$ cat coords-v2.cif   # mmCIF, C-alpha atoms
data_target
#
loop_
_atom_site.label_atom_id
_atom_site.label_comp_id
_atom_site.auth_asym_id
_atom_site.auth_seq_id
_atom_site.Cartn_x
_atom_site.Cartn_y
_atom_site.Cartn_z
CA MET A 1 130.51 50.42 119.51
CA SER A 2 126.80 49.88 119.87
CA SER A 3 125.84 53.54 119.78
CA TYR A 4 124.47 53.29 116.23
CA LEU A 5 121.59 51.23 117.65
CA GLY A 6 120.29 54.35 119.34
CA VAL A 7 120.49 52.79 122.79
CA GLY A 8 123.99 52.18 124.03
CA VAL A 9 125.01 49.76 126.78
CA SER A 10 126.49 52.70 128.62
CA PRO A 11 123.95 55.53 128.46
CA GLY A 12 126.77 58.05 128.61
CA ASN A 13 127.36 57.43 124.90
CA VAL A 14 123.96 58.70 123.79
CA PRO A 15 122.98 61.48 126.18
CA VAL A 16 121.06 63.60 123.67
CA TYR A 17 118.73 60.82 122.48
CA HIS A 18 117.91 59.72 125.99
CA GLY A 19 117.47 63.23 127.33
CA ASN A 20 115.06 64.27 124.58
CA ASN A 21 113.09 61.05 124.84
CA LEU A 22 112.65 61.61 128.56
CA LYS A 23 111.52 65.18 128.06
CA VAL A 24 108.89 64.22 125.48
CA ILE A 25 107.51 61.45 127.71
CA ASP A 26 107.58 63.81 130.67
CA ARG A 27 105.60 66.49 128.92
CA ARG A 28 102.94 64.06 127.69
CA VAL A 29 102.64 62.37 131.08
CA ARG A 30 102.32 65.71 132.83
CA VAL A 31 99.63 67.03 130.48
CA ALA A 32 97.67 63.75 130.73
CA GLU A 33 97.97 63.88 134.52
CA LEU A 34 96.68 67.46 134.72
CA ILE A 35 93.72 66.77 132.39
CA LEU A 36 92.75 63.63 134.31
CA ARG A 37 92.97 65.36 137.68
CA CYS A 38 90.80 68.26 136.49
CA LEU A 39 88.29 65.77 135.03
CA ILE A 40 88.16 63.86 138.32
CA CYS A 41 87.69 67.02 140.36
CA GLY A 42 84.76 68.21 138.24
CA LEU A 43 83.04 64.86 137.83
CA ALA A 44 83.41 63.90 141.50
CA ILE A 45 81.73 67.14 142.60
CA LEU A 46 78.98 66.67 139.99
CA SER A 47 78.39 63.09 141.06
CA ALA A 48 78.31 63.96 144.78
CA VAL A 49 75.85 66.82 144.15
CA LEU A 50 73.63 64.64 141.94
CA ILE A 51 73.32 61.97 144.63
CA GLY A 52 73.37 64.27 147.65
CA THR A 53 70.55 66.54 146.44
CA ASP A 54 68.38 63.68 145.18
CA THR A 55 64.98 63.39 146.88
CA GLN A 56 61.52 62.24 145.86
CA VAL A 57 58.26 62.41 147.80
CA LYS A 58 55.58 59.81 147.13
CA GLU A 59 52.11 59.56 148.56
CA ILE A 60 50.97 56.02 149.35
CA PHE A 61 47.52 55.61 150.94
CA SER A 62 47.69 59.27 152.09
CA ILE A 63 51.01 58.64 153.87
CA GLN A 64 53.85 60.76 152.56
CA LYS A 65 57.08 58.84 152.04
CA LYS A 66 60.31 60.59 151.17
CA ALA A 67 63.25 58.87 149.52
CA LYS A 68 66.65 60.42 150.08
CA PHE A 69 70.22 59.22 149.66
CA THR A 70 70.79 58.71 153.39
CA ASP A 71 68.30 55.82 153.29
CA MET A 72 71.04 53.76 151.68
CA LYS A 73 74.38 53.66 153.48
CA SER A 74 76.32 52.82 150.33
CA LEU A 75 75.15 56.09 148.72
CA VAL A 76 76.37 58.03 151.75
CA PHE A 77 79.68 56.22 151.40
CA LEU A 78 79.81 57.11 147.69
CA VAL A 79 79.10 60.80 148.33
CA ILE A 80 81.89 60.87 150.95
CA ALA A 81 84.28 59.06 148.58
CA ASN A 82 83.51 61.51 145.77
CA GLY A 83 83.97 64.48 148.09
CA LEU A 84 87.35 63.15 149.18
CA ALA A 85 88.35 62.44 145.57
CA ALA A 86 87.42 66.02 144.56
CA ALA A 87 89.37 67.57 147.45
CA TYR A 88 92.39 65.33 146.84
CA SER A 89 92.36 66.10 143.10
CA LEU A 90 92.16 69.82 143.74
CA VAL A 91 95.32 69.68 145.86
CA GLN A 92 97.03 67.59 143.18
CA VAL A 93 95.97 69.98 140.39
CA LEU A 94 97.59 72.83 142.33
CA ARG A 95 100.75 70.73 142.71
CA CYS A 96 100.78 69.93 138.96
CA VAL A 97 100.30 73.57 137.96
CA LEU A 98 103.00 74.68 140.41
CA SER A 99 105.52 72.17 139.03
CA MET A 100 104.60 73.20 135.46
CA ILE A 101 105.19 76.87 136.23
CA ARG A 102 108.51 75.97 137.79
CA GLY A 103 109.25 73.77 134.79
CA SER A 104 110.61 71.08 137.08
CA VAL A 105 110.46 67.30 136.80
CA LEU A 106 109.61 64.96 139.65
CA PHE A 107 112.88 63.45 140.89
CA ASN A 108 112.13 63.62 144.60
CA LYS A 109 111.57 60.05 145.81
CA PRO A 110 109.67 60.79 149.07
CA LEU A 111 107.27 63.10 147.20
CA ALA A 112 106.86 60.54 144.40
CA TRP A 113 106.07 57.87 147.02
CA LEU A 114 103.52 60.20 148.65
CA ILE A 115 101.75 60.90 145.34
CA PHE A 116 101.87 57.20 144.38
CA SER A 117 100.39 56.12 147.73
CA GLY A 118 97.69 58.79 147.63
CA ASP A 119 96.66 57.87 144.09
CA GLN A 120 96.61 54.14 144.88
CA ILE A 121 94.46 54.65 147.98
CA MET A 122 92.04 56.95 146.16
CA ALA A 123 91.76 54.57 143.18
CA TYR A 124 90.92 51.51 145.30
CA PHE A 125 88.71 53.56 147.62
CA THR A 126 86.59 55.12 144.86
CA LEU A 127 86.34 51.80 143.02
CA ALA A 128 85.15 49.99 146.16
CA ALA A 129 82.60 52.75 146.83
CA VAL A 130 81.26 52.50 143.27
CA ALA A 131 81.06 48.69 143.46
CA ALA A 132 79.12 48.80 146.74
CA ALA A 133 76.74 51.50 145.45
CA ALA A 134 76.24 49.63 142.18
CA GLN A 135 75.40 46.45 144.11
CA SER A 136 72.84 48.36 146.21
CA SER A 137 71.23 49.90 143.17
CA VAL A 138 70.96 46.50 141.49
CA PHE A 139 68.93 45.37 144.52
CA ALA A 140 66.85 48.55 144.35
CA LYS A 141 66.28 48.15 140.61
CA LEU A 142 65.70 44.39 140.36
CA GLY A 143 64.96 43.34 143.92
CA GLN A 144 66.03 39.92 145.22
CA THR A 145 62.98 37.67 145.18
CA GLU A 146 64.72 34.75 146.96
CA LEU A 147 65.20 37.01 150.00
CA GLN A 148 61.89 38.87 149.61
CA TRP A 149 63.68 42.15 149.07
CA MET A 150 61.35 44.07 146.77
CA LYS A 151 62.46 46.45 144.06
CA ILE A 152 61.78 50.05 144.94
CA CYS A 153 62.76 51.80 141.72
CA ASN A 154 59.32 51.45 140.11
CA MET A 155 58.05 53.48 143.07
CA TYR A 156 60.77 56.14 143.07
CA ARG A 157 61.60 56.35 139.37
CA LYS A 158 63.02 59.89 139.28
CA PHE A 159 65.08 59.27 142.42
CA CYS A 160 66.59 56.09 140.97
CA ASN A 161 67.46 57.66 137.63
CA GLN A 162 69.32 60.51 139.29
CA VAL A 163 71.22 58.08 141.52
CA GLY A 164 72.11 56.10 138.40
CA GLU A 165 73.58 59.22 136.78
CA GLY A 166 75.57 59.91 139.93
CA ILE A 167 76.93 56.35 140.00
CA ALA A 168 77.87 56.57 136.30
CA GLY A 169 79.82 59.75 137.03
CA ALA A 170 81.52 58.10 140.00
CA LEU A 171 82.46 55.14 137.79
CA VAL A 172 84.22 57.46 135.34
CA VAL A 173 85.96 59.11 138.32
CA SER A 174 87.24 55.76 139.58
CA ILE A 175 88.45 54.67 136.11
CA ALA A 176 90.31 57.98 135.76
CA MET A 177 91.83 57.39 139.23
CA VAL A 178 92.99 53.93 138.08
CA VAL A 179 94.75 55.43 135.03
CA LEU A 180 96.26 58.15 137.24
CA SER A 181 97.60 55.63 139.72
CA ALA A 182 99.36 53.86 136.83
CA ILE A 183 100.87 57.21 135.77
CA SER A 184 102.10 57.97 139.28
CA ALA A 185 103.52 54.43 139.52
CA PHE A 186 105.44 55.19 136.33
CA SER A 187 106.69 58.50 137.76
CA LEU A 188 107.84 56.81 140.96
CA PHE A 189 109.37 53.53 139.84
CA ARG A 190 111.36 54.84 136.89
CA LEU A 191 113.44 56.60 139.56
CA TYR A 192 114.60 53.10 140.51
CA GLY A 193 115.60 52.29 136.93
CA ASP A 194 118.93 50.75 135.99
CA ASN A 195 119.54 51.40 132.33
CA LYS A 196 122.75 49.44 132.03
CA GLN A 197 120.88 46.18 131.62
CA LYS A 198 118.10 47.60 129.45
CA ASN A 199 119.27 45.80 126.32
CA ASN A 200 119.28 42.43 128.02
CA GLY A 201 116.31 40.66 126.49
CA ARG A 202 116.15 37.76 128.96
CA TRP A 203 113.48 37.43 131.62
CA MET B 1 134.54 62.97 139.81
CA SER B 2 131.39 62.22 141.73
CA SER B 3 131.97 58.47 142.06
CA TYR B 4 132.75 58.77 145.81
CA LEU B 5 129.06 59.62 146.35
CA GLY B 6 128.16 56.08 145.42
CA VAL B 7 125.90 57.23 142.61
CA GLY B 8 127.75 58.76 139.69
CA VAL B 9 126.29 61.02 137.06
CA SER B 10 127.34 58.45 134.50
CA PRO B 11 126.39 55.01 135.89
CA GLY B 12 129.30 53.48 133.99
CA ASN B 13 131.59 54.74 136.76
CA VAL B 14 130.10 52.62 139.54
CA PRO B 15 128.94 49.36 138.01
CA VAL B 16 129.63 47.12 141.04
CA TYR B 17 127.66 49.16 143.58
CA HIS B 18 124.71 49.51 141.28
CA GLY B 19 124.78 45.88 140.15
CA ASN B 20 124.82 44.52 143.73
CA ASN B 21 122.10 46.87 144.87
CA LEU B 22 119.91 45.81 141.98
CA LYS B 23 120.50 42.12 142.69
CA VAL B 24 119.57 42.42 146.37
CA ILE B 25 116.38 44.32 145.52
CA ASP B 26 115.62 41.83 142.76
CA ARG B 27 115.98 38.82 145.03
CA ARG B 28 113.75 40.33 147.73
CA VAL B 29 111.13 41.44 145.23
CA ARG B 30 111.09 38.02 143.60
CA VAL B 31 110.74 36.12 146.88
CA ALA B 32 107.98 38.48 148.07
CA GLU B 33 106.21 38.05 144.73
CA LEU B 34 106.36 34.25 144.87
CA ILE B 35 105.10 34.11 148.48
CA LEU B 36 102.22 36.49 147.73
CA ARG B 37 101.19 34.61 144.61
CA CYS B 38 101.17 31.27 146.47
CA LEU B 39 99.15 32.86 149.30
CA ILE B 40 96.62 34.26 146.82
CA CYS B 41 96.28 30.94 145.01
CA GLY B 42 95.58 29.02 148.24
CA LEU B 43 93.31 31.59 149.86
CA ALA B 44 91.29 32.23 146.70
CA ILE B 45 90.54 28.50 146.34
CA LEU B 46 89.66 28.25 150.03
CA SER B 47 87.38 31.27 149.84
CA ALA B 48 85.64 30.04 146.67
CA VAL B 49 85.08 26.58 148.20
CA LEU B 50 83.79 28.06 151.48
CA ILE B 51 81.19 30.15 149.68
CA GLY B 52 80.43 27.71 146.88
CA THR B 53 79.69 24.74 149.16
CA ASP B 54 77.71 26.76 151.69
CA THR B 55 74.09 25.68 152.11
CA GLN B 56 71.57 25.63 154.93
CA VAL B 57 68.09 24.12 155.05
CA LYS B 58 65.49 25.68 157.32
CA GLU B 59 61.95 24.55 157.99
CA ILE B 60 59.40 27.37 158.32
CA PHE B 61 55.75 26.38 158.87
CA SER B 62 56.51 22.90 157.44
CA ILE B 63 57.94 24.46 154.25
CA GLN B 64 61.58 23.61 153.62
CA LYS B 65 63.67 26.58 152.54
CA LYS B 66 67.22 26.19 151.34
CA ALA B 67 69.77 29.01 151.33
CA LYS B 68 72.61 28.70 148.85
CA PHE B 69 75.15 31.08 147.43
CA THR B 70 73.40 31.36 144.05
CA ASP B 71 70.52 33.20 145.76
CA MET B 72 72.77 36.24 145.88
CA LYS B 73 74.33 37.32 142.57
CA SER B 74 77.21 39.12 144.28
CA LEU B 75 78.32 35.84 145.90
CA VAL B 76 78.33 34.13 142.49
CA PHE B 77 80.43 37.01 141.19
CA LEU B 78 82.81 36.65 144.16
CA VAL B 79 83.23 32.88 143.61
CA ILE B 80 84.00 33.52 139.92
CA ALA B 81 86.46 36.29 140.81
CA ASN B 82 88.23 34.03 143.32
CA GLY B 83 88.39 31.18 140.82
CA LEU B 84 89.94 33.49 138.23
CA ALA B 85 92.39 34.89 140.80
CA ALA B 86 93.46 31.34 141.76
CA ALA B 87 93.97 30.25 138.12
CA TYR B 88 95.82 33.45 137.26
CA SER B 89 98.07 33.14 140.33
CA LEU B 90 98.89 29.52 139.49
CA VAL B 91 100.13 30.53 136.03
CA GLN B 92 102.14 33.37 137.59
CA VAL B 93 103.65 31.05 140.24
CA LEU B 94 104.86 28.77 137.45
CA ARG B 95 106.33 31.78 135.65
CA CYS B 96 108.09 32.93 138.86
CA VAL B 97 109.53 29.47 139.56
CA LEU B 98 110.67 29.13 135.94
CA SER B 99 112.48 32.48 136.01
CA MET B 100 114.05 31.58 139.38
CA ILE B 101 115.38 28.28 138.02
CA ARG B 102 116.76 30.12 135.01
CA GLY B 103 118.18 32.74 137.36
CA SER B 104 117.04 35.45 135.01
CA VAL B 105 115.76 38.96 135.73
CA LEU B 106 112.77 40.56 134.08
CA PHE B 107 114.06 42.97 131.45
CA ASN B 108 111.56 42.18 128.73
CA LYS B 109 109.24 45.17 128.40
CA PRO B 110 106.29 43.48 126.63
CA LEU B 111 106.25 40.70 129.22
CA ALA B 112 106.54 43.22 132.06
CA TRP B 113 103.61 45.16 130.56
CA LEU B 114 101.59 41.94 130.33
CA ILE B 115 102.25 41.01 133.97
CA PHE B 116 101.57 44.59 135.10
CA SER B 117 98.26 44.73 133.20
CA GLY B 118 97.16 41.33 134.47
CA ASP B 119 97.96 42.21 138.08
CA GLN B 120 96.18 45.56 137.83
CA ILE B 121 93.05 44.01 136.34
CA MET B 122 92.98 41.22 138.93
CA ALA B 123 93.54 43.66 141.81
CA TYR B 124 90.68 45.99 140.81
CA PHE B 125 88.45 43.08 139.83
CA THR B 126 88.85 41.16 143.11
CA LEU B 127 88.46 44.36 145.15
CA ALA B 128 85.24 45.30 143.33
CA ALA B 129 83.90 41.77 143.86
CA VAL B 130 84.69 41.91 147.59
CA ALA B 131 83.09 45.35 147.93
CA ALA B 132 79.88 44.21 146.21
CA ALA B 133 79.70 41.02 148.28
CA ALA B 134 80.39 42.93 151.48
CA GLN B 135 77.60 45.38 150.66
CA SER B 136 75.18 42.48 150.06
CA SER B 137 76.12 40.82 153.31
CA VAL B 138 75.62 44.06 155.22
CA PHE B 139 72.04 44.08 153.90
CA ALA B 140 71.66 40.40 154.83
CA LYS B 141 73.09 40.98 158.29
CA LEU B 142 71.46 44.29 159.22
CA GLY B 143 68.61 44.64 156.75
CA GLN B 144 67.51 48.05 155.45
CA THR B 145 64.41 49.06 157.36
CA GLU B 146 63.76 52.18 155.25
CA LEU B 147 63.27 49.93 152.21
CA GLN B 148 61.60 47.08 154.09
CA TRP B 149 64.45 44.71 153.24
CA MET B 150 64.56 42.37 156.21
CA LYS B 151 67.71 40.86 157.64
CA ILE B 152 68.00 37.16 156.88
CA CYS B 153 71.08 36.23 158.88
CA ASN B 154 69.17 35.52 162.10
CA MET B 155 67.33 32.84 160.10
CA TYR B 156 70.37 31.32 158.35
CA ARG B 157 73.03 31.81 160.99
CA LYS B 158 75.43 29.04 159.93
CA PHE B 159 75.10 30.00 156.26
CA CYS B 160 75.90 33.64 156.99
CA ASN B 161 78.91 32.83 159.16
CA GLN B 162 80.46 30.67 156.46
CA VAL B 163 79.87 33.37 153.84
CA GLY B 164 81.53 35.85 156.20
CA GLU B 165 84.62 33.64 156.43
CA GLY B 166 84.70 33.38 152.64
CA ILE B 167 84.47 37.15 152.23
CA ALA B 168 87.25 37.66 154.81
CA GLY B 169 89.47 35.29 152.80
CA ALA B 170 88.61 37.12 149.59
CA LEU B 171 89.46 40.44 151.25
CA VAL B 172 92.96 39.14 152.12
CA VAL B 173 93.28 37.91 148.51
CA SER B 174 92.41 41.34 147.13
CA ILE B 175 94.80 43.13 149.50
CA ALA B 176 97.59 40.74 148.44
CA MET B 177 96.70 41.46 144.79
CA VAL B 178 96.98 45.19 145.50
CA VAL B 179 100.50 44.74 146.94
CA LEU B 180 101.43 42.49 144.00
CA SER B 181 100.24 45.05 141.47
CA ALA B 182 102.52 47.62 143.13
CA ILE B 183 105.42 45.14 142.86
CA SER B 184 104.77 44.49 139.17
CA ALA B 185 104.47 48.25 138.59
CA PHE B 186 107.93 48.56 140.15
CA SER B 187 109.26 45.75 137.92
CA LEU B 188 107.85 47.41 134.81
CA PHE B 189 108.47 51.09 135.28
CA ARG B 190 112.04 50.87 136.53
CA LEU B 191 112.82 49.69 132.99
CA TYR B 192 111.98 53.25 131.95
CA GLY B 193 114.38 54.73 134.48
CA ASP B 194 116.92 57.35 133.59
CA ASN B 195 119.62 57.37 136.20
CA LYS B 196 121.54 60.30 134.82
CA GLN B 197 119.20 62.76 136.49
CA LYS B 198 118.74 60.77 139.67
CA ASN B 199 120.75 63.20 141.79
CA ASN B 200 118.62 66.11 140.76
CA GLY B 201 116.57 66.89 143.87
CA ARG B 202 114.06 69.25 142.26
CA TRP B 203 110.44 68.36 141.62
#

$ encode --input "coords-v2.cif" --output "structure tokens"
Amino acid sequence: MSSYLGVGVSPGNVPVYHGNNLKVIDRRVRVAELILRCLICGLAILSAVLIGTDTQVKEIFSIQKKAKFTDMKSLVFLVIANGLAAAYSLVQVLRCVLSMIRGSVLFNKPLAWLIFSGDQIMAYFTLAAVAAAAQSSVFAKLGQTELQWMKICNMYRKFCNQVGEGIAGALVVSIAMVVLSAISAFSLFRLYGDNKQKNNGRW
Amino acid sequence: MSSYLGVGVSPGNVPVYHGNNLKVIDRRVRVAELILRCLICGLAILSAVLIGTDTQVKEIFSIQKKAKFTDMKSLVFLVIANGLAAAYSLVQVLRCVLSMIRGSVLFNKPLAWLIFSGDQIMAYFTLAAVAAAAQSSVFAKLGQTELQWMKICNMYRKFCNQVGEGIAGALVVSIAMVVLSAISAFSLFRLYGDNKQKNNGRW
């Protein structure tokens, strides 16, 4: 018998080991998921508020000019993406807390697919929004002399700094979403596992 | 006994059903993976060449001006990202073909982790590159009047069209990478499956 190896060819031989192992992983995964989702919810709101409320008025030759985030479409896109991420995370936090109170484990494939799809979409969406906003702010900060696009951040210094903080927050949000989408992929695809061939080391 | 349900509590009861099901899924997944990786390799090279070789000379008031992709940092980034995606996919295609010739299935966890990590990184990396390049080309196409950044695409029409084709190709590459990273997540995380509790419908 191979049961002394800890992992038998037929899992029926070692039910206690496997069951405990699964429970420990489950608990850790669930706690990590809840923490990440709360973090995303808070940071996404903070980042959206930072960018959305950012304005600066500058007087140039007695003409008042006002910089606001709607001047740059990519910042509008980022605020929308962060708002969506916050709302989505709030719903998911409620789902996590509910399943923790019930003490249940996710074994429902359609629901796991739904969570996986949602997390994937949000991860790619927030990352794309951050990349576009970061590209815009590089132009604003450094300009693009070949195209005669001048830098505007030496004019609106306070405005630019606050936008930078908002983008940094959004970057952390999108990285957390990436980690979360890996966790939800784990939760989904292990339902398709086939342990019988686990010990087979070939590839 | 529950074996008439097709999925027994102890998988040892129904080895044939499970084994066949796994093989069919495996074959489909492997073929889809190979096709996608070949598609990525070809399209990424095409897209990099389209952008990298794109130039246009324009005479303005007897001064010759030349537009090339290095004028815009995000296009350089996109060419690099596409080059990396093509090289990475080539290595993966060889790995896929090798494992098909051997007729073996991926059950090696470290290797599965490596493939999963690589696919995730490439997917997020190519998507971020496309988003940044798309944002730049929106500025080039439409300008940003609030910031006095003028549109340059009415001046370099041929240059802009070719860049647009390159970005479209890169977008398809990044979408294919996203699908591939879901496939490799499936290949990895099903190794952590625990079929004993599969019939448990709670969540």

$ resolve_selection --input "coords-v2.cif" --expression "the PyMOL selection byres ((chain B and resi 122-139) around 6)" --output "CSV table (one decimal) with C-alpha atoms, keeping the file's coordinate frame"
chain,number,residue,atom,x,y,z
A,128,ALA,CA,85.2,50.0,146.2
A,131,ALA,CA,81.1,48.7,143.5
A,132,ALA,CA,79.1,48.8,146.7
A,135,GLN,CA,75.4,46.4,144.1
B,74,SER,CA,77.2,39.1,144.3
B,75,LEU,CA,78.3,35.8,145.9
B,78,LEU,CA,82.8,36.6,144.2
B,81,ALA,CA,86.5,36.3,140.8
B,119,ASP,CA,98.0,42.2,138.1
B,120,GLN,CA,96.2,45.6,137.8
B,121,ILE,CA,93.0,44.0,136.3
B,140,ALA,CA,71.7,40.4,154.8
B,141,LYS,CA,73.1,41.0,158.3
B,142,LEU,CA,71.5,44.3,159.2
B,143,GLY,CA,68.6,44.6,156.8
B,174,SER,CA,92.4,41.3,147.1
B,177,MET,CA,96.7,41.5,144.8
B,178,VAL,CA,97.0,45.2,145.5

$ residues_around --input "coords-v2.cif" --residues "Gln162 of chain B" --least-positions-apart "5" --cutoff "7 Å" --atoms "only C-alpha atoms" --output "number ranges by chain"
B: 50-51, 54

$ atom_distance --input "coords-v2.cif" --atom1 "atom CA of Phe159 of chain B" --atom2 "atom CA of Thr53 of chain B"
10.0 Å

$ closest_residue --input "coords-v2.cif" --among "A:Asn154, A:Asn161, A:Asn108, A:Ser181" --to "chain B" --atoms "all atoms listed in the file"
A:Asn108

$ resolve_selection --input "coords-v2.cif" --expression "the PyMOL selection byres ((chain B and resi 183) around 10)" --output "MDAnalysis selection string"
(chainID A and resid 189) or (chainID B and resid 29:30 32:33 116 119 177:182 184:188)

$ resolve_selection --input "coords-v2.cif" --expression "the PyMOL selection byres ((chain B and resi 42-48) around 8)" --output "VMD selection string"
chain B and resid 38 to 41 49 to 52 78 to 80 82 to 83 85 to 86 165 to 167 169 to 170 172 to 173

$ closest_residue --input "coords-v2.cif" --among "B:Cys153, B:Met100, B:Ile63, B:Val57" --to "Arg27 of chain B" --atoms "only C-alpha atoms"
B:Met100

$ atom_distance --input "coords-v2.cif" --atom1 "atom CA of Val163 of chain B" --atom2 "atom CA of Gln56 of chain B"
11.4 Å
